Amino acid sequence: MSKKFILIITHSTDNHDRANAAIALAASLISEGADLALFFIFEGALMARKGVAETIEGRHFTPVRDLFPMILEAKIPMYVCGACVKTYEIPADEIMDGVMITHIPTLAGEMMQRETITF
């Protein structure tokens, strides 16, 4: 049985290093066979918008554009905070395929079933 994690991603274009590190960690966890879910919240919600993840390039990791295909291929659960979608004015049709708009109770439910990592 693999370990279960939820990775809460709180940064995107506001902090390329932290956002890139979060995606690098997600890719590493997937490659280790972890049962992973992602939750994009605060500035991290912007990464759920089509085209944004590909622009994230931190100084110390493989760029997100090279890592994100592995995450999408794994078909892990991915959520974006519904309140953040409104705050950052992200149209629903611009949310990446496979990312579900949801709210804090869903995050709480996932956290009860998984170890939580926040970036």
# chains A, B, ... in the order shown; residues from 1 in each chain; ligands from 1

$ residues_around --residues "Ala108 in chain A" --least-positions-apart "5" --cutoff "12 Å" --atoms "only C-alpha atoms" --output "list of chain:residue names"
A:Ile6, A:Ile8, A:Phe39, A:Cys81, A:Thr102, A:His103, A:Gln113, A:Arg114, A:Glu115, A:Thr116

$ select_by_dssp --residues "chain A" --states "helix (DSSP H, G or I)" --output "PyMOL selection string"
chain A and resi 16-31+42-48+53-55+64-74+82-87+92-94+104-113

$ select_by_dssp --residues "range 16-115 of chain A" --states "strand (DSSP E or B)" --output "PyMOL selection string"
chain A and resi 35-40+49+78-81+95+99-102+115

$ residues_around --residues "Ile90 in chain A" --least-positions-apart "2" --cutoff "12 Å" --atoms "only C-alpha atoms" --output "ChimeraX atom specification"
/A:43,45-50,52,80-88,92-96,101

$ residues_around --residues "range 62-79 of chain A" --least-positions-apart "5" --cutoff "10 Å" --atoms "only C-alpha atoms" --output "ChimeraX atom specification"
/A:6-8,16-17,19-31,35-41,45,48,51-57,96-103,106-107

$ closest_residue --among "A:Ile9, A:Pro105, A:Arg59, A:Gly44" --to "Ile117 in chain A" --atoms "only C-alpha atoms"
A:Ile9

$ atom_distance --atom1 "CA of Asp14 in chain A" --atom2 "CA of Gly109 in chain A"
27.8 Å

$ atom_distance --atom1 "CA of Asn15 in chain A" --atom2 "CA of Lys3 in chain A"
28.2 Å
